[in-house]
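Shown here: model25.cif, mmCIF, C-alpha atoms.
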data_entry
#
loop_
_atom_site.label_atom_id
_atom_site.label_comp_id
_atom_site.auth_asym_id
_atom_site.auth_seq_id
_atom_site.Cartn_x
_atom_site.Cartn_y
_atom_site.Cartn_z
CA MET A 1 -25.45 18.74 -22.85
CA ASN A 2 -22.82 16.74 -24.79
CA GLU A 3 -23.46 13.09 -25.61
CA VAL A 4 -21.02 10.46 -26.76
CA GLU A 5 -21.66 7.09 -28.31
CA ILE A 6 -20.17 4.29 -26.23
CA GLY A 7 -21.54 1.60 -28.56
CA ARG A 8 -24.19 1.26 -31.26
CA SER A 9 -26.97 0.70 -28.74
CA LYS A 10 -25.92 3.15 -26.03
CA ARG A 11 -25.20 6.84 -25.70
CA ALA A 12 -23.85 8.57 -22.59
CA VAL A 13 -23.87 12.14 -21.30
CA THR A 14 -20.46 13.64 -20.53
CA GLY A 15 -19.94 14.80 -16.97
CA TYR A 16 -17.29 16.82 -15.13
CA ALA A 17 -15.78 16.32 -11.69
CA PHE A 18 -14.42 19.23 -9.65
CA ASP A 19 -10.90 18.34 -10.80
CA ASP A 20 -12.00 18.90 -14.40
CA ILE A 21 -12.93 22.56 -13.97
CA ALA A 22 -11.50 25.83 -12.65
CA ILE A 23 -12.87 29.28 -11.93
CA VAL A 24 -11.77 32.33 -13.90
CA PRO A 25 -10.80 35.70 -12.35
CA THR A 26 -12.61 38.80 -13.61
CA ARG A 27 -11.32 42.36 -13.95
CA ARG A 28 -12.43 43.43 -10.47
CA THR A 29 -10.79 42.26 -7.26
CA ARG A 30 -11.57 42.84 -3.58
CA ASP A 31 -9.88 42.63 -0.22
CA PRO A 32 -10.71 39.29 1.44
CA GLU A 33 -11.75 41.22 4.54
CA VAL A 34 -14.78 42.70 2.76
CA VAL A 35 -16.07 39.33 1.52
CA SER A 36 -18.90 37.53 3.33
CA THR A 37 -19.07 33.74 3.55
CA GLY A 38 -22.35 33.84 5.47
CA TRP A 39 -25.21 31.51 4.56
CA SER A 40 -28.77 31.03 5.74
CA ILE A 41 -31.41 28.36 5.35
CA ASP A 42 -34.96 28.94 6.53
CA ALA A 43 -34.64 31.09 9.68
CA PHE A 44 -31.14 29.86 10.55
CA GLN A 45 -28.05 32.00 9.90
CA PHE A 46 -24.51 30.63 9.63
CA GLU A 47 -21.13 32.30 9.25
CA MET A 48 -19.82 29.66 6.85
CA PRO A 49 -21.45 27.55 4.10
CA VAL A 50 -20.31 24.34 5.78
CA ILE A 51 -22.49 21.45 6.94
CA ALA A 52 -20.88 18.46 8.60
CA ALA A 53 -21.56 15.10 7.01
CA PRO A 54 -23.34 12.87 9.54
CA SER A 55 -20.42 10.49 9.94
CA ASP A 56 -19.21 9.02 13.23
CA SER A 57 -15.61 9.47 12.14
CA ALA A 58 -16.10 13.25 11.92
CA MET A 59 -19.00 14.16 14.20
CA SER A 60 -19.60 13.38 17.86
CA PRO A 61 -21.93 15.48 20.00
CA GLU A 62 -18.84 17.44 21.09
CA THR A 63 -17.62 18.20 17.56
CA VAL A 64 -21.17 19.04 16.45
CA ILE A 65 -21.24 21.64 19.22
CA ALA A 66 -17.75 22.91 18.38
CA LEU A 67 -18.62 23.37 14.71
CA GLY A 68 -21.86 25.12 15.63
CA LYS A 69 -20.00 27.60 17.83
CA MET A 70 -17.61 28.34 14.94
CA GLY A 71 -20.52 29.27 12.67
CA GLY A 72 -21.13 26.04 10.76
CA LEU A 73 -23.85 23.40 11.02
CA GLY A 74 -22.97 20.12 12.69
CA VAL A 75 -25.16 17.11 11.92
CA LEU A 76 -25.19 14.02 14.14
CA ASP A 77 -25.79 10.59 12.61
CA LEU A 78 -28.80 9.35 14.58
CA GLU A 79 -28.07 5.80 13.45
CA GLY A 80 -24.46 5.98 14.56
CA LEU A 81 -22.45 4.85 17.54
CA TRP A 82 -23.68 7.67 19.79
CA THR A 83 -27.24 6.37 19.56
CA ARG A 84 -26.25 2.72 20.02
CA TYR A 85 -23.83 3.03 22.97
CA GLU A 86 -23.86 5.17 26.09
CA ASP A 87 -20.12 5.64 25.65
CA PRO A 88 -18.71 4.46 22.29
CA THR A 89 -15.06 5.10 23.21
CA GLN A 90 -14.21 1.38 23.16
CA GLN A 91 -15.93 0.83 19.79
CA LEU A 92 -14.13 3.80 18.23
CA ALA A 93 -10.82 2.41 19.46
CA GLU A 94 -11.63 -0.99 17.97
CA ILE A 95 -12.32 0.61 14.59
CA ALA A 96 -9.15 2.71 14.71
CA ASN A 97 -6.93 -0.20 15.75
CA ALA A 98 -8.38 -2.82 13.40
CA LYS A 99 -6.14 -4.29 10.72
CA ASP A 100 -7.04 -3.23 7.19
CA GLU A 101 -8.30 -6.70 6.27
CA ASP A 102 -10.55 -6.77 9.37
CA ALA A 103 -11.85 -3.19 9.30
CA THR A 104 -15.12 -3.86 7.47
CA SER A 105 -16.08 -6.80 9.67
CA VAL A 106 -15.29 -4.75 12.78
CA LEU A 107 -17.50 -1.93 11.51
CA GLN A 108 -20.33 -4.35 10.83
CA ARG A 109 -20.03 -5.87 14.29
CA VAL A 110 -19.94 -2.66 16.34
CA TYR A 111 -22.86 -1.20 14.37
CA SER A 112 -24.98 -4.32 14.85
CA LYS A 113 -26.19 -3.15 18.26
CA PRO A 114 -29.74 -1.72 17.99
CA ILE A 115 -30.39 2.02 17.99
CA GLN A 116 -31.79 3.25 21.29
CA ALA A 117 -34.49 5.91 21.14
CA GLU A 118 -33.53 7.28 24.56
CA LEU A 119 -29.97 7.91 23.34
CA ILE A 120 -31.29 9.86 20.35
CA GLU A 121 -33.15 12.09 22.80
CA SER A 122 -30.23 12.56 25.15
CA ARG A 123 -27.71 13.35 22.39
CA LEU A 124 -29.94 15.95 20.75
CA LYS A 125 -30.78 17.53 24.10
CA GLU A 126 -27.06 17.72 24.88
CA ILE A 127 -26.48 19.65 21.65
CA ARG A 128 -29.46 21.94 22.31
CA ALA A 129 -28.16 22.73 25.80
CA ALA A 130 -24.97 24.09 24.20
CA GLY A 131 -26.99 26.76 22.39
CA VAL A 132 -26.20 25.78 18.78
CA THR A 133 -28.50 24.77 15.93
CA VAL A 134 -29.59 21.16 16.44
CA ALA A 135 -29.54 18.90 13.37
CA GLY A 136 -29.76 15.13 13.11
CA ALA A 137 -29.72 12.72 10.18
CA LEU A 138 -31.57 9.51 9.43
CA SER A 139 -31.60 7.28 6.37
CA PRO A 140 -34.86 6.92 4.41
CA HIS A 141 -35.16 3.38 5.78
CA ARG A 142 -35.14 4.60 9.40
CA THR A 143 -36.92 7.94 9.05
CA ALA A 144 -40.48 6.77 9.69
CA GLU A 145 -39.34 4.64 12.65
CA PHE A 146 -37.51 7.38 14.57
CA ALA A 147 -38.92 10.68 13.27
CA ASP A 148 -41.23 11.17 16.25
CA VAL A 149 -38.35 10.68 18.67
CA VAL A 150 -36.20 13.17 16.76
CA LEU A 151 -38.89 15.84 16.68
CA ARG A 152 -39.81 15.29 20.32
CA SER A 153 -36.18 15.89 21.21
CA GLY A 154 -36.34 19.43 19.82
CA VAL A 155 -34.37 19.19 16.59
CA ASP A 156 -34.09 22.44 14.59
CA MET A 157 -33.30 20.81 11.27
CA PHE A 158 -33.87 17.29 9.97
CA VAL A 159 -31.60 15.62 7.40
CA ILE A 160 -32.75 12.57 5.40
CA ARG A 161 -29.61 11.27 3.72
CA GLY A 162 -28.84 8.21 1.65
CA ASN A 163 -26.75 7.25 -1.36
CA THR A 164 -29.76 8.31 -3.36
CA VAL A 165 -33.15 9.46 -2.06
CA SER A 166 -36.38 9.52 -4.04
CA ALA A 167 -39.56 11.46 -3.40
CA GLU A 168 -41.19 8.20 -2.35
CA HIS A 169 -39.07 5.53 -0.71
CA VAL A 170 -40.56 2.04 -0.81
CA SER A 171 -39.57 -0.37 1.94
CA LYS A 172 -40.34 -4.07 2.31
CA ASP A 173 -40.36 -3.98 6.10
CA THR A 174 -42.09 -0.69 6.87
CA GLU A 175 -44.71 1.62 5.43
CA ALA A 176 -43.49 3.50 2.37
CA LEU A 177 -41.97 6.90 3.14
CA ASN A 178 -43.81 9.52 1.11
CA LEU A 179 -41.57 12.55 1.50
CA LYS A 180 -44.18 15.06 0.37
CA GLU A 181 -46.64 13.93 3.03
CA PHE A 182 -43.92 13.52 5.63
CA ILE A 183 -42.35 16.96 5.16
CA TYR A 184 -45.75 18.65 5.04
CA LYS A 185 -46.48 17.45 8.60
CA LEU A 186 -43.20 18.72 10.06
CA ASP A 187 -42.54 22.07 11.71
CA VAL A 188 -38.82 22.06 10.93
CA PRO A 189 -36.89 22.48 7.67
CA VAL A 190 -35.81 19.23 6.03
CA ILE A 191 -32.70 18.64 3.92
CA VAL A 192 -32.91 15.56 1.68
CA GLY A 193 -30.58 13.73 -0.68
CA GLY A 194 -28.64 12.48 -2.47
CA ALA A 195 -29.74 13.44 -5.91
CA ALA A 196 -27.50 13.79 -8.92
CA THR A 197 -29.79 14.70 -11.81
CA TYR A 198 -32.06 17.58 -12.74
CA THR A 199 -35.20 15.40 -12.65
CA ALA A 200 -34.45 13.69 -9.33
CA ALA A 201 -33.69 17.03 -7.68
CA LEU A 202 -36.84 18.65 -9.06
CA HIS A 203 -38.95 15.86 -7.58
CA LEU A 204 -37.30 16.33 -4.19
CA MET A 205 -37.85 20.08 -4.33
CA ARG A 206 -41.56 19.49 -4.94
CA THR A 207 -41.79 17.61 -1.64
CA GLY A 208 -41.29 20.86 0.27
CA ALA A 209 -37.66 20.21 1.21
CA ALA A 210 -35.66 23.24 2.32
CA GLY A 211 -32.46 21.85 0.81
CA VAL A 212 -31.32 19.10 -1.56
CA LEU A 213 -28.06 17.20 -1.14
CA VAL A 214 -26.24 16.69 -4.44
CA GLY A 215 -24.22 13.53 -4.96
CA PHE A 216 -24.07 10.14 -3.31
CA GLY A 217 -22.17 11.14 -0.18
CA GLY A 218 -19.25 9.28 1.31
CA GLY A 219 -16.43 11.18 -0.37
CA ALA A 220 -13.10 9.35 -0.15
CA ALA A 221 -14.63 6.67 2.07
CA SER A 222 -17.27 5.66 -0.47
CA ALA A 223 -17.01 2.63 -2.72
CA THR A 224 -20.43 3.14 -4.30
CA ARG A 225 -18.96 3.28 -7.80
CA LYS A 226 -17.11 -0.02 -7.36
CA VAL A 227 -19.94 -1.88 -5.64
CA LEU A 228 -23.07 -0.49 -7.32
CA GLY A 229 -21.64 1.06 -10.48
CA ILE A 230 -23.17 4.42 -9.47
CA HIS A 231 -21.22 7.67 -9.68
CA ALA A 232 -21.97 11.36 -10.05
CA PRO A 233 -19.31 13.69 -11.54
CA MET A 234 -19.92 16.43 -9.01
CA ALA A 235 -19.39 19.62 -11.03
CA THR A 236 -22.00 18.52 -13.56
CA ALA A 237 -24.35 17.22 -10.87
CA VAL A 238 -24.28 20.48 -8.90
CA ALA A 239 -24.84 22.55 -12.04
CA ASP A 240 -27.78 20.34 -13.09
CA VAL A 241 -29.43 20.56 -9.67
CA ALA A 242 -28.86 24.33 -9.61
CA ALA A 243 -30.80 24.45 -12.89
CA ALA A 244 -33.61 22.50 -11.23
CA ARG A 245 -33.63 25.07 -8.40
CA ARG A 246 -33.98 27.90 -10.92
CA ASP A 247 -36.85 26.20 -12.74
CA TYR A 248 -38.56 25.21 -9.50
CA MET A 249 -38.49 28.85 -8.40
CA ASP A 250 -40.46 29.75 -11.53
CA GLU A 251 -42.82 26.81 -11.06
CA SER A 252 -43.49 27.54 -7.37
CA GLY A 253 -43.77 31.29 -7.58
CA GLY A 254 -40.44 32.07 -5.98
CA ARG A 255 -39.74 29.32 -3.43
CA TYR A 256 -35.98 28.90 -3.07
CA VAL A 257 -34.52 25.46 -2.31
CA HIS A 258 -30.90 25.32 -1.22
CA VAL A 259 -28.45 23.19 -3.17
CA ILE A 260 -25.85 21.46 -0.99
CA ALA A 261 -22.90 19.63 -2.53
CA ASP A 262 -22.32 16.29 -0.81
CA GLY A 263 -19.39 14.24 -2.03
CA GLY A 264 -16.10 14.72 -3.86
CA LEU A 265 -15.08 17.50 -1.45
CA GLY A 266 -11.62 16.83 -0.07
CA THR A 267 -9.97 20.26 -0.28
CA SER A 268 -10.77 23.95 -0.10
CA GLY A 269 -10.59 24.13 -3.89
CA ASP A 270 -13.41 21.59 -4.14
CA LEU A 271 -15.58 23.75 -1.89
CA VAL A 272 -14.81 26.81 -4.01
CA LYS A 273 -15.74 25.03 -7.23
CA ALA A 274 -18.91 23.52 -5.74
CA ILE A 275 -20.21 27.01 -4.98
CA ALA A 276 -19.05 28.27 -8.37
CA CYS A 277 -21.19 25.55 -9.98
CA GLY A 278 -24.27 26.70 -8.06
CA ALA A 279 -24.15 25.19 -4.57
CA ASP A 280 -25.26 27.30 -1.61
CA ALA A 281 -23.24 25.22 0.85
CA ALA A 282 -21.25 22.00 1.07
CA MET A 283 -21.53 18.94 3.29
CA LEU A 284 -18.00 18.04 4.39
CA GLY A 285 -16.90 14.69 5.75
CA THR A 286 -13.28 13.94 4.85
CA VAL A 287 -12.22 17.54 5.54
CA LEU A 288 -13.65 17.47 9.07
CA ALA A 289 -12.49 13.91 9.78
CA ARG A 290 -8.92 15.27 9.54
CA ALA A 291 -9.44 17.40 12.65
CA ALA A 292 -7.56 16.47 15.81
CA GLU A 293 -10.87 16.42 17.70
CA ALA A 294 -12.54 14.07 15.20
CA PRO A 295 -13.65 10.82 16.86
CA GLY A 296 -12.26 8.70 14.01
CA GLN A 297 -8.67 9.31 15.20
CA GLY A 298 -7.47 9.95 11.65
CA TRP A 299 -9.73 7.34 10.05
CA HIS A 300 -12.86 8.14 8.06
CA TRP A 301 -15.86 5.99 7.13
CA GLY A 302 -19.39 6.72 6.05
CA PRO A 303 -22.70 5.15 7.09
CA GLU A 304 -22.72 3.10 3.89
CA ALA A 305 -19.55 1.32 5.03
CA VAL A 306 -21.29 -0.51 7.90
CA ASN A 307 -24.11 -2.21 6.00
CA ALA A 308 -24.50 -5.76 7.30
CA SER A 309 -24.98 -7.39 3.89
CA LEU A 310 -23.53 -5.05 1.23
CA PRO A 311 -21.02 -2.48 2.53
CA ARG A 312 -20.47 0.25 -0.04
CA GLY A 313 -17.55 2.01 1.56
CA GLN A 314 -14.53 1.34 3.69
CA ARG A 315 -12.46 2.76 6.49
CA MET A 316 -9.95 5.17 4.95
CA TRP A 317 -6.91 6.82 6.51
CA VAL A 318 -7.17 10.61 6.12
CA GLY A 319 -4.75 11.62 8.85
CA SER A 320 -4.95 14.20 11.61
CA HIS A 321 -3.98 17.59 10.20
CA GLY A 322 -4.71 19.96 13.07
CA PRO A 323 -7.42 21.41 15.31
CA LEU A 324 -10.90 21.85 13.84
CA GLU A 325 -10.63 25.62 14.09
CA GLN A 326 -7.37 25.66 12.13
CA ILE A 327 -8.80 23.38 9.43
CA LEU A 328 -11.78 25.68 8.97
CA THR A 329 -10.44 29.18 9.61
CA GLY A 330 -6.65 28.84 9.69
CA PRO A 331 -3.96 29.83 9.77
CA SER A 332 -2.68 27.12 7.44
CA ASP A 333 0.82 25.72 7.46
CA THR A 334 0.32 23.62 4.33
CA SER A 335 -0.47 24.42 0.70
CA ASP A 336 -2.47 21.27 -0.13
CA GLY A 337 -5.91 22.77 0.49
CA THR A 338 -6.65 20.80 3.66
CA MET A 339 -6.50 23.73 6.09
CA ASN A 340 -8.07 27.21 6.35
CA ILE A 341 -10.96 26.11 4.16
CA LEU A 342 -12.90 29.34 4.74
CA GLY A 343 -9.84 31.49 4.16
CA ALA A 344 -9.39 29.88 0.75
CA LEU A 345 -13.03 30.47 -0.15
CA ARG A 346 -12.78 34.08 0.96
CA ARG A 347 -9.59 34.57 -1.07
CA SER A 348 -11.13 33.03 -4.21
CA MET A 349 -14.21 35.20 -3.92
CA ALA A 350 -12.05 38.30 -3.43
CA THR A 351 -9.76 37.43 -6.35
CA THR A 352 -12.71 37.05 -8.69
CA GLY A 353 -14.50 40.14 -7.40
CA TYR A 354 -17.55 38.71 -5.66
CA SER A 355 -18.73 39.91 -2.27
CA ASP A 356 -20.92 37.02 -1.05
CA VAL A 357 -21.61 33.34 -1.66
CA LYS A 358 -24.78 33.87 -3.67
CA GLU A 359 -23.00 36.31 -6.00
CA PHE A 360 -20.09 33.90 -6.39
CA GLN A 361 -22.36 31.34 -8.05
CA ARG A 362 -22.16 33.55 -11.16
CA VAL A 363 -18.38 33.28 -11.53
CA ASP A 364 -17.03 32.10 -14.90
CA VAL A 365 -15.85 28.50 -15.07
CA VAL A 366 -13.63 26.71 -17.59
CA ALA A 367 -13.34 22.98 -18.29
CA ASN A 368 -10.01 21.27 -18.90
CA SER A 369 -9.20 21.11 -22.61
CA TYR A 370 -8.48 17.37 -22.67
CA ARG A 371 -12.25 16.86 -22.58
#
Translate this structure into structure tokens?
Amino acid sequence: MNEVEIGRSKRAVTGYAFDDIAIVPTRRTRDPEVVSTGWSIDAFQFEMPVIAAPSDSAMSPETVIALGKMGGLGVLDLEGLWTRYEDPTQQLAEIANAKDEDATSVLQRVYSKPIQAELIESRLKEIRAAGVTVAGALSPHRTAEFADVVLRSGVDMFVIRGNTVSAEHVSKDTEALNLKEFIYKLDVPVIVGGAATYTAALHLMRTGAAGVLVGFGGGAASATRKVLGIHAPMATAVADVAAARRDYMDESGGRYVHVIADGGLGTSGDLVKAIACGADAAMLGTVLARAAEAPGQGWHWGPEAVNASLPRGQRMWVGSHGPLEQILTGPSDTSDGTMNILGALRRSMATTGYSDVKEFQRVDVVANSYR
């Protein structure tokens, strides 16, 4: 790993974002029709390596169900508007119609209503009744408080997601969340993150997690770098965590933990490069918030944007590009990488000669020469 000196007392490791790299075609090519984009985690099979970011601007119970029926994994934010209000239509309209200078205060106000355990149950049961995989997300701060409700509601997969998640989360107000003990007691696979380094990811893998989220989430709606000074160049982060997965397999006698890119994914090319760097799947927020069915009405914000005392994100205009199905599986009527996400992945895999997602992780990658 390359280091640079930024001053006499400090050295820094160089890192690469997805924009800094590209994949390289090999001698063999394939027809896109013979390429598989299927993905599985634990006992669950999916037709596409796409997980929805648990963001109210992208995922409602209805869009979770729609994505599940298309072959992806929808994840509902169990601390979001759908677990605070019986019908959040008015609150979503307030967020969409707010002036730019008022948007953060509006977000803080509408999210100040307490989470209702009975709404967590009813939302998850609604998704289960549709016959798709049921997944919900909580932050580390809320996991111990609502985990029993989530599990009682029949969730298939549990996501613990924050800007950064450690193997043991210490809280002033509640008992410390020891992930290793917590995951050991559960009957469902758990996806945890974010993590952006080899060491942090290895610690999360040792908790028994089925998957690790790489990055700090939020995508275009995140201001974590500006507010906290924290940032993870995603190509390097994914490659580092993929190395942790490889070493953990040796350490554990063959246990495979899935690496899921979470952040910096705005186009189909970003998804392609995330998998090329070693990801098994990607958690998409901005991409799905562009769907006509998305509850954000063309706006996108992450859970970090509503914090009552230190918001680390903002409402961002991403537009409405077309139906969810067209964004994911096409056909596309634009060449900017915002539509037919799966078609682009399939085409890239075919052009470079790989037949499935796992194989595609071995593709050659080049870094831009200006580095």
Counting all atoms listed in the file, the residue among A:Arg152, A:His321, A:Lys10, A:Arg109 that lies closest to A:Ala291 is A:His321
Residues in the PyMOL selection byres ((chain A and resi 364) around 9), expressed as an NGL selection string:
:A and (22-26 or 276 or 361-363 or 365-366)
Applied to this file, what does the PyMOL selection byres ((chain A and resi 78) around 8) return in terms of residues, put as a ChimeraX atom specification?
/A:76-77,79-80,82-83,120,136-138
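When only C-alpha atoms are used to measure the gap to A:Asp56, the shortest distance among A:Tyr111, A:Phe182, A:Tyr248, A:Phe158 belongs to A:Tyr111.
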Please define a box with edges along x, y and z of the file around all atoms of stretch 107-114 of chain A given in the file, extend it by 6 Å on each side, and return its centre and edge lengths in Å to one decimal, as JSON.
{"center_x": -23.6, "center_y": -3.5, "center_z": 14.5, "size_x": 24.2, "size_y": 16.7, "size_z": 19.4}
Can you work out the spacing between atom CA of A:Ala58 and atom CA of A:Asp240 in Å, to one decimal?
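Separation between atom CA of A:Ala58 and atom CA of A:Asp240: 28.5 Å.
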Counting only C-alpha atoms, which of A:Ala294, A:Ala93, A:Val35, A:Ala130 gets nearest to A:Phe360?
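Comparing A:Ala294, A:Ala93, A:Val35, A:Ala130 against A:Phe360, the winner is A:Val35.
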Near stretch 154-156 of chain A, counting only C-alpha atoms, which residues have an atom at most 9 Å away, once you skip same-chain residues fewer than 2 positions from it, shown as number ranges by chain?
A: 44, 121, 124-125, 128, 133-136, 150-152, 158, 187-189
Let's have the selection written as a compact mmCIF listing (two decimals), in the coordinates of the input, with C-alpha atoms.
# COMPACT_ATOMS: atom_id res chain seq x y z
CA PHE A 44 -31.14 29.86 10.55
CA GLU A 121 -33.15 12.09 22.80
CA LEU A 124 -29.94 15.95 20.75
CA LYS A 125 -30.78 17.53 24.10
CA ARG A 128 -29.46 21.94 22.31
CA THR A 133 -28.50 24.77 15.93
CA VAL A 134 -29.59 21.16 16.44
CA ALA A 135 -29.54 18.90 13.37
CA GLY A 136 -29.76 15.13 13.11
CA VAL A 150 -36.20 13.17 16.76
CA LEU A 151 -38.89 15.84 16.68
CA ARG A 152 -39.81 15.29 20.32
CA PHE A 158 -33.87 17.29 9.97
CA ASP A 187 -42.54 22.07 11.71
CA VAL A 188 -38.82 22.06 10.93
CA PRO A 189 -36.89 22.48 7.67
Neighbours of A:Thr104 within 10 Å (all atoms listed in the file; same-chain residues fewer than 4 positions away dropped), as JSON, numbers by chain?
{"A": [95, 98, 99, 100, 108, 109, 301, 305, 306, 307, 308, 311, 313, 314, 315]}
